[in-house]
Amino acid sequence: MSINKSDGLRIGESHVREAESRFPGVIREVRWICDDQIVLDVVPEKAPDVIEYLYYDRGGWLSVVVGNDERPINDAYAVYYVLSMEEADPCYCIVRVEVPKDPGEFYSVSPKVPAVVWGEREVQDLFGLRALGIIDNRNLVLPDDWPQGLYPLRKDTMDYRYRPEPTTDVENYEFLKDTGDRETTVIPMGPLHITSDEPGHFRLFVEGEQIIDADYRMFYVHRGMEKCAESRMNYDTVPFLAERICGICGFAHSVAYAESVEHAQGIEIPLRAQFIRSIILETERLHSHLLNLGLVCHFTGFDTGFHHMFRVREQSMDLAEMLTGARKTYGLNLIGGVRRDILAEQKVSTLKYLDRMRSEVANLVDELLSTPNFIDRTEGVGILDRKVARDYSPVGPTVRGSGFERDARWCHPFDGYKSLDRKAITAGSCDVKGRTLVRIGEFMDSLDIISELLENAPSGPVLNENWTYEPHRFAVGWTEAPRGEDVHWSMIGNNQKCYRWRAKASTYSNWPVLRYMFRGNTISDAAMIVGSLDPCYSCTERVTIVDVKKRKQQILTKQQLENYCVDRRHTPLEY
Amino acid sequence: MLKTLKEIIRTGDATVKYPFAPIERPKDARGKPEHDLANCMACGACAVACPPNAIQMVIDSRAQSTSWSINYGRCVYCGRCEEVCPTKAIRLSTEFELAVMDKNDLEEICMYSLQSCTECGSPFAPAKEVDYAYRILTQFVDDPDARQAAELVKVCPRCKQKRDSQRAKQNFESLGGVS
């Protein structure tokens, strides 16, 4: 087991000791489930205090909140708060709170650490547990017309194919607004609008052109993948399902799942496989960042740049196809390693691709940055305040654009990244421009990382098939996807199935801060701000504008809104 | 502006003639799995490994046959079938143009006959798989265990169990035990 050299402690032990001395008798059990992951079983009443302490005083950030129905194992539910400790003594601290099955209540951590609010709302929805004192008690995952008392992820409730009849036709979701006594107009965008793969519904509360507050509703296309994996898939086929969580950063999910199982079971992955995983992860970042840079061009009215970015992006897709056999959904991961090696001739042509992209993108970026429109439209727009960022644990270029060095590749080095000595790329301006510059920097960095990894990759096997598994062990696996950290938590059951699989995509951590980024900007910037999170742009069918004072209603097309975002003349609100 | 114009001129035509001209895919690209009817022995390894259940086998014991089918609409082109196949009867090709007018055309089905047990007569495994096992076993000429297994290859697991228990009973009684 690894020992922290300076003081003879195990990795993460300093956090445990400090927490124990501050809250004596609160931590019931401490165990290391692998080198750098610690489970702290805490007394339920004190969990919010311990988590607040670890989060704010020990440099913790929230990765994911996991609910688990452990009644068949130990007759209770459990909620796991996974904290990524990123300052001194980096590790993952998993705070486990056992929730008795009757009455199924636990103390909400959200009043102390707002970052957990989505996770706790999800646990309430899917397990029917109640978080006492939660700051936002609305549904998150389940639709408003879902039957009362049907909690999908309980082990004894429903088959994964069951689709209950809607119980009501009335929309009863309450949108929050914090507008004081100002009179605002509501602009709904959606239900199919600018979001990542999932369509979402936005409500902008505006005064004139100014956005005073905003709220949104997501999960219209919750696919129930976790339930599906638990009931239908075998644990070793889940990497292929995980890959389909996202159409852009699928490989990052597949690696995160595979590594969560590998960490839990102590499976060693061959060194060469680790390098290959990192190389493919970076290849994925290339095409994802080019996609976002293209969209930034598009949003700022520089459509020529958009087309050129996508033209160059095609080279990164070709590169991925050459290395893995497919443009997307690489199908490369198995538990224990990867299925394809990178051959010498592939290495040579990869380096050629990299050189071409490096010079082409450098030219395009130069063009983009010298476009006056780009600076105009992005500077000072969509500010993500550093305090809001600290409270909500956003990830990826979104948080790095606000000056935080949060990058799972360098905070918690894994796979081939362990062999590299690099730092997270950040920008201090907190705005859309900062986030774009981070992406540009990371793109160039990725090119260097791939060639460095290719040069240094050791030879040897790529798949370890010599292992057995022990049921009901769990751990987290993580990767730095293009949009930020993907964290998967998994526990294998005793029937070749996943007992519980919790996948947290990076954008899940970024949505909660969007509300604050909207505030104070104009309507024409709204699409731009959402775009700067880099969610996949699932198209807006149309936008309805309701003027509350005049009681009039008008429907705008996606084209109208987009045109306004591009040229900022002829506001669609003039009627 | 000047930079942009120069870039446009430098790039020239970025599009290709596809679909009016064929497009080249890398030689390791993963496309349509091609099933080789003759090499396949219907062992079912691919059906077990297939993550989306695109490959399925359904036994019809009355007709003494088992069907092997693949649905290209469900296939995710991962190539697990190719990896697990012991006889290399399924290989991924690079073909990717699989659109059809009728959904049913996405499915391919073939039938394999089942081996009947030489003792009780009920079908228990694909005949080709049994034959494959027999051919492997008969290669170990000097191994008495292999020889015995080869003799019993056409006996179903239930009848084998019955034989074993009868023999155990005989042994037990011959040692003086009371049944």
# chains A, B, ... in the order shown; residues from 1 in each chain; ligands from 1
call {"tool": "residues_around", "arguments": {"residues": "Ile55 of chain B", "least_positions_apart": "3", "cutoff": "9 Å", "atoms": "only C-alpha atoms", "output": "PyMOL selection string"}}
result
chain B and resi 44+46-50+52+68-72+74-75+81
call {"tool": "write_last_selection", "arguments": {"atoms": "C-alpha atoms", "output": "PDB file, in the first residue's frame"}}
result
ATOM      1  CA  GLY B  44     -23.538 -19.762 -29.103  1.00  0.00           C
ATOM      2  CA  CYS B  46     -21.191 -14.972 -29.947  1.00  0.00           C
ATOM      3  CA  ALA B  47     -24.782 -14.842 -28.704  1.00  0.00           C
ATOM      4  CA  VAL B  48     -23.540 -14.823 -25.110  1.00  0.00           C
ATOM      5  CA  ALA B  49     -20.907 -12.158 -25.733  1.00  0.00           C
ATOM      6  CA  CYS B  50     -23.038  -9.815 -27.866  1.00  0.00           C
ATOM      7  CA  PRO B  52     -26.889  -5.528 -27.414  1.00  0.00           C
ATOM      8  CA  TRP B  68     -28.990 -18.426 -35.255  1.00  0.00           C
ATOM      9  CA  SER B  69     -29.907 -14.868 -36.157  1.00  0.00           C
ATOM     10  CA  ILE B  70     -28.274 -11.481 -36.341  1.00  0.00           C
ATOM     11  CA  ASN B  71     -30.094  -8.184 -36.447  1.00  0.00           C
ATOM     12  CA  TYR B  72     -27.972  -5.473 -38.042  1.00  0.00           C
ATOM     13  CA  ARG B  74     -29.281  -3.755 -33.134  1.00  0.00           C
ATOM     14  CA  CYS B  75     -25.628  -4.444 -33.873  1.00  0.00           C
ATOM     15  CA  CYS B  81     -18.490 -11.934 -31.661  1.00  0.00           C
TER      16      CYS B  81
END
call {"tool": "closest_atom_pairs", "arguments": {"of": "chain B", "to": "chain A", "cutoff": "7 Å", "atoms": "only C-alpha atoms", "output": "CSV"}}
result
residue,atom,partner,partner_atom,distance
B:Lys3,CA,A:Glu367,CA,6.5
B:Thr4,CA,A:Glu367,CA,6.7
B:Pro26,CA,A:Met322,CA,5.7
B:Asp28,CA,A:Gly325,CA,5.5
B:Ala29,CA,A:Gly325,CA,3.8
B:Arg30,CA,A:Gly325,CA,5.0
B:Pro51,CA,A:Thr237,CA,5.4
B:Cys78,CA,A:Gly331,CA,5.3
call {"tool": "select_by_dssp", "arguments": {"residues": "segment 26-162 of chain B", "states": "strand (DSSP E or B)", "output": "count of residues only"}}
result
33
call {"tool": "select_by_dssp", "arguments": {"residues": "segment 1-172 of chain B", "states": "helix (DSSP H, G or I)", "output": "PDB file with C-alpha atoms, in the first residue's frame"}}
result
ATOM      1  CA  LEU B   2      -7.362  38.976 -45.596  1.00  0.00           C
ATOM      2  CA  LYS B   3      -6.284  35.969 -43.544  1.00  0.00           C
ATOM      3  CA  THR B   4      -9.709  34.423 -43.981  1.00  0.00           C
ATOM      4  CA  LEU B   5      -9.642  34.913 -47.736  1.00  0.00           C
ATOM      5  CA  LYS B   6      -6.187  33.423 -47.989  1.00  0.00           C
ATOM      6  CA  GLU B   7      -7.294  30.412 -45.955  1.00  0.00           C
ATOM      7  CA  ILE B   8     -10.294  29.893 -48.234  1.00  0.00           C
ATOM      8  CA  ILE B   9      -8.145  29.977 -51.359  1.00  0.00           C
ATOM      9  CA  ARG B  10      -5.519  27.733 -49.823  1.00  0.00           C
ATOM     10  CA  THR B  11      -8.090  25.123 -48.789  1.00  0.00           C
ATOM     11  CA  ALA B  45     -20.397 -18.029 -27.834  1.00  0.00           C
ATOM     12  CA  CYS B  46     -21.191 -14.972 -29.947  1.00  0.00           C
ATOM     13  CA  ALA B  47     -24.782 -14.842 -28.704  1.00  0.00           C
ATOM     14  CA  VAL B  48     -23.540 -14.823 -25.110  1.00  0.00           C
ATOM     15  CA  ALA B  49     -20.907 -12.158 -25.733  1.00  0.00           C
ATOM     16  CA  ARG B  80     -16.980  -9.095 -29.585  1.00  0.00           C
ATOM     17  CA  CYS B  81     -18.490 -11.934 -31.661  1.00  0.00           C
ATOM     18  CA  GLU B  82     -15.381 -12.082 -33.823  1.00  0.00           C
ATOM     19  CA  GLU B  83     -13.195 -12.146 -30.717  1.00  0.00           C
ATOM     20  CA  VAL B  84     -14.952 -15.038 -29.002  1.00  0.00           C
ATOM     21  CA  LYS B 103     -36.788  -3.291 -41.544  1.00  0.00           C
ATOM     22  CA  ASN B 104     -37.041  -7.068 -41.853  1.00  0.00           C
ATOM     23  CA  ASP B 105     -34.165  -7.057 -44.283  1.00  0.00           C
ATOM     24  CA  LEU B 106     -31.875  -6.133 -41.400  1.00  0.00           C
ATOM     25  CA  ALA B 127     -25.177 -31.459 -34.043  1.00  0.00           C
ATOM     26  CA  LYS B 128     -22.214 -29.564 -35.484  1.00  0.00           C
ATOM     27  CA  GLU B 129     -20.999 -28.595 -32.034  1.00  0.00           C
ATOM     28  CA  VAL B 130     -21.212 -32.217 -30.879  1.00  0.00           C
ATOM     29  CA  ASP B 131     -19.321 -33.285 -33.957  1.00  0.00           C
ATOM     30  CA  TYR B 132     -16.659 -30.624 -33.325  1.00  0.00           C
ATOM     31  CA  ALA B 133     -16.197 -31.894 -29.776  1.00  0.00           C
ATOM     32  CA  TYR B 134     -15.994 -35.469 -31.061  1.00  0.00           C
ATOM     33  CA  ARG B 135     -13.290 -34.591 -33.568  1.00  0.00           C
ATOM     34  CA  ILE B 136     -11.232 -32.842 -30.901  1.00  0.00           C
ATOM     35  CA  LEU B 137     -11.594 -35.704 -28.441  1.00  0.00           C
ATOM     36  CA  PRO B 144      -8.471 -43.092 -21.790  1.00  0.00           C
ATOM     37  CA  ASP B 145     -10.535 -40.213 -20.397  1.00  0.00           C
ATOM     38  CA  ALA B 146     -10.755 -38.595 -23.812  1.00  0.00           C
ATOM     39  CA  ARG B 147     -11.702 -41.933 -25.337  1.00  0.00           C
ATOM     40  CA  GLN B 148     -14.490 -42.406 -22.860  1.00  0.00           C
ATOM     41  CA  ALA B 149     -15.718 -38.865 -23.394  1.00  0.00           C
ATOM     42  CA  ALA B 150     -15.724 -39.434 -27.142  1.00  0.00           C
ATOM     43  CA  GLU B 151     -17.898 -42.502 -26.704  1.00  0.00           C
ATOM     44  CA  PRO B 157     -26.101 -34.336 -19.871  1.00  0.00           C
ATOM     45  CA  ARG B 158     -29.128 -35.757 -18.064  1.00  0.00           C
ATOM     46  CA  CYS B 159     -28.476 -39.296 -19.249  1.00  0.00           C
ATOM     47  CA  LYS B 160     -24.812 -38.895 -18.348  1.00  0.00           C
ATOM     48  CA  GLN B 161     -25.840 -37.868 -14.853  1.00  0.00           C
ATOM     49  CA  LYS B 162     -28.075 -40.903 -14.643  1.00  0.00           C
ATOM     50  CA  ARG B 163     -25.225 -43.185 -15.715  1.00  0.00           C
ATOM     51  CA  ASP B 164     -22.893 -41.602 -13.188  1.00  0.00           C
ATOM     52  CA  SER B 165     -25.321 -42.008 -10.332  1.00  0.00           C
ATOM     53  CA  GLN B 166     -25.995 -45.620 -11.277  1.00  0.00           C
ATOM     54  CA  ARG B 167     -22.314 -46.345 -11.382  1.00  0.00           C
ATOM     55  CA  ALA B 168     -21.796 -44.611  -8.044  1.00  0.00           C
ATOM     56  CA  LYS B 169     -24.564 -46.732  -6.583  1.00  0.00           C
ATOM     57  CA  GLN B 170     -22.967 -49.928  -7.930  1.00  0.00           C
ATOM     58  CA  ASN B 171     -19.592 -48.944  -6.520  1.00  0.00           C
ATOM     59  CA  PHE B 172     -21.167 -48.177  -3.211  1.00  0.00           C
TER      60      PHE B 172
END
call {"tool": "residues_around", "arguments": {"residues": "segment 134-136 of chain A", "least_positions_apart": "5", "cutoff": "9 Å", "atoms": "only C-alpha atoms", "output": "list in words"}}
result
Tyr107, Ser108, Val109, Ser110, Pro111, Pro114, Val117, Trp118, Glu120 and Arg121 of chain A
call {"tool": "closest_residue", "arguments": {"among": "A:Glu13, A:Asp36, A:Glu52, A:Glu105", "to": "Tyr81 of chain A", "atoms": "only C-alpha atoms"}}
result
A:Glu52
call {"tool": "residues_around", "arguments": {"residues": "segment 62-65 of chain B", "least_positions_apart": "4", "cutoff": "7 Å", "atoms": "only C-alpha atoms", "output": "JSON list (two decimals) with C-alpha atoms, in the first residue's frame"}}
result
[["chain", "number", "residue", "atom", "x", "y", "z"],
["B", 111, "MET", "CA", -31.03, -22.94, -38.85],
["B", 112, "TYR", "CA", -28.89, -25.71, -37.39],
["B", 113, "SER", "CA", -30.13, -29.16, -36.51],
["B", 114, "LEU", "CA", -29.82, -30.51, -32.99],
["B", 123, "PRO", "CA", -32.32, -33.17, -28.62]]
call {"tool": "residues_around", "arguments": {"residues": "Leu384 of chain A", "least_positions_apart": "4", "cutoff": "10 Å", "atoms": "only C-alpha atoms", "output": "PyMOL selection string"}}
result
chain A and resi 380+388-389+394+398-399+401-402+429-432+513-519
call {"tool": "atom_distance", "arguments": {"atom1": "atom CA of Leu295 of chain A", "atom2": "atom CA of Gly531 of chain A"}}
result
7.5 Å
call {"tool": "closest_residue", "arguments": {"among": "B:Asn39, B:Thr15, B:Asn53, B:Ser67", "to": "Pro126 of chain B", "atoms": "only C-alpha atoms"}}
result
B:Ser67
call {"tool": "closest_residue", "arguments": {"among": "A:Ile51, A:Val66, A:Val82, A:Met317", "to": "Met491 of chain A", "atoms": "only C-alpha atoms"}}
result
A:Val66
call {"tool": "closest_residue", "arguments": {"among": "A:Glu259, A:Glu183, A:Glu70, A:Glu45", "to": "Asp156 of chain A", "atoms": "only C-alpha atoms"}}
result
A:Glu70
call {"tool": "atom_distance", "arguments": {"atom1": "atom CA of Val58 of chain B", "atom2": "atom CA of Lys154 of chain B"}}
result
20.8 Å
call {"tool": "decode", "arguments": {"residues": "segment 322-345 of chain A", "atoms": "C-alpha atoms", "output": "PDB file, in the first residue's frame"}}
result
ATOM      1  CA  MET A 322      -7.796   4.657 -38.037  1.00  0.00           C
ATOM      2  CA  LEU A 323      -6.823   3.890 -34.429  1.00  0.00           C
ATOM      3  CA  THR A 324     -10.040   2.253 -33.230  1.00  0.00           C
ATOM      4  CA  GLY A 325     -12.013   1.199 -36.285  1.00  0.00           C
ATOM      5  CA  ALA A 326     -14.844   3.698 -35.861  1.00  0.00           C
ATOM      6  CA  ARG A 327     -15.322   7.455 -35.924  1.00  0.00           C
ATOM      7  CA  LYS A 328     -17.201   7.338 -32.638  1.00  0.00           C
ATOM      8  CA  THR A 329     -18.101   4.589 -30.145  1.00  0.00           C
ATOM      9  CA  TYR A 330     -14.645   3.127 -30.270  1.00  0.00           C
ATOM     10  CA  GLY A 331     -15.613  -0.113 -28.481  1.00  0.00           C
ATOM     11  CA  LEU A 332     -12.073  -0.400 -27.233  1.00  0.00           C
ATOM     12  CA  ASN A 333     -12.441  -1.039 -23.530  1.00  0.00           C
ATOM     13  CA  LEU A 334     -12.806  -4.242 -21.639  1.00  0.00           C
ATOM     14  CA  ILE A 335     -12.394  -4.632 -17.928  1.00  0.00           C
ATOM     15  CA  GLY A 336      -8.687  -5.356 -17.649  1.00  0.00           C
ATOM     16  CA  GLY A 337      -7.417  -3.356 -20.601  1.00  0.00           C
ATOM     17  CA  VAL A 338      -8.077  -2.565 -24.241  1.00  0.00           C
ATOM     18  CA  ARG A 339      -8.838  -4.701 -27.287  1.00  0.00           C
ATOM     19  CA  ARG A 340      -6.624  -3.128 -29.909  1.00  0.00           C
ATOM     20  CA  ASP A 341      -2.996  -2.255 -29.936  1.00  0.00           C
ATOM     21  CA  ILE A 342      -1.535   0.738 -31.757  1.00  0.00           C
ATOM     22  CA  LEU A 343       0.790  -0.571 -34.446  1.00  0.00           C
ATOM     23  CA  ALA A 344       4.026   1.036 -35.597  1.00  0.00           C
ATOM     24  CA  GLU A 345       2.564   2.163 -38.925  1.00  0.00           C
TER      25      GLU A 345
END
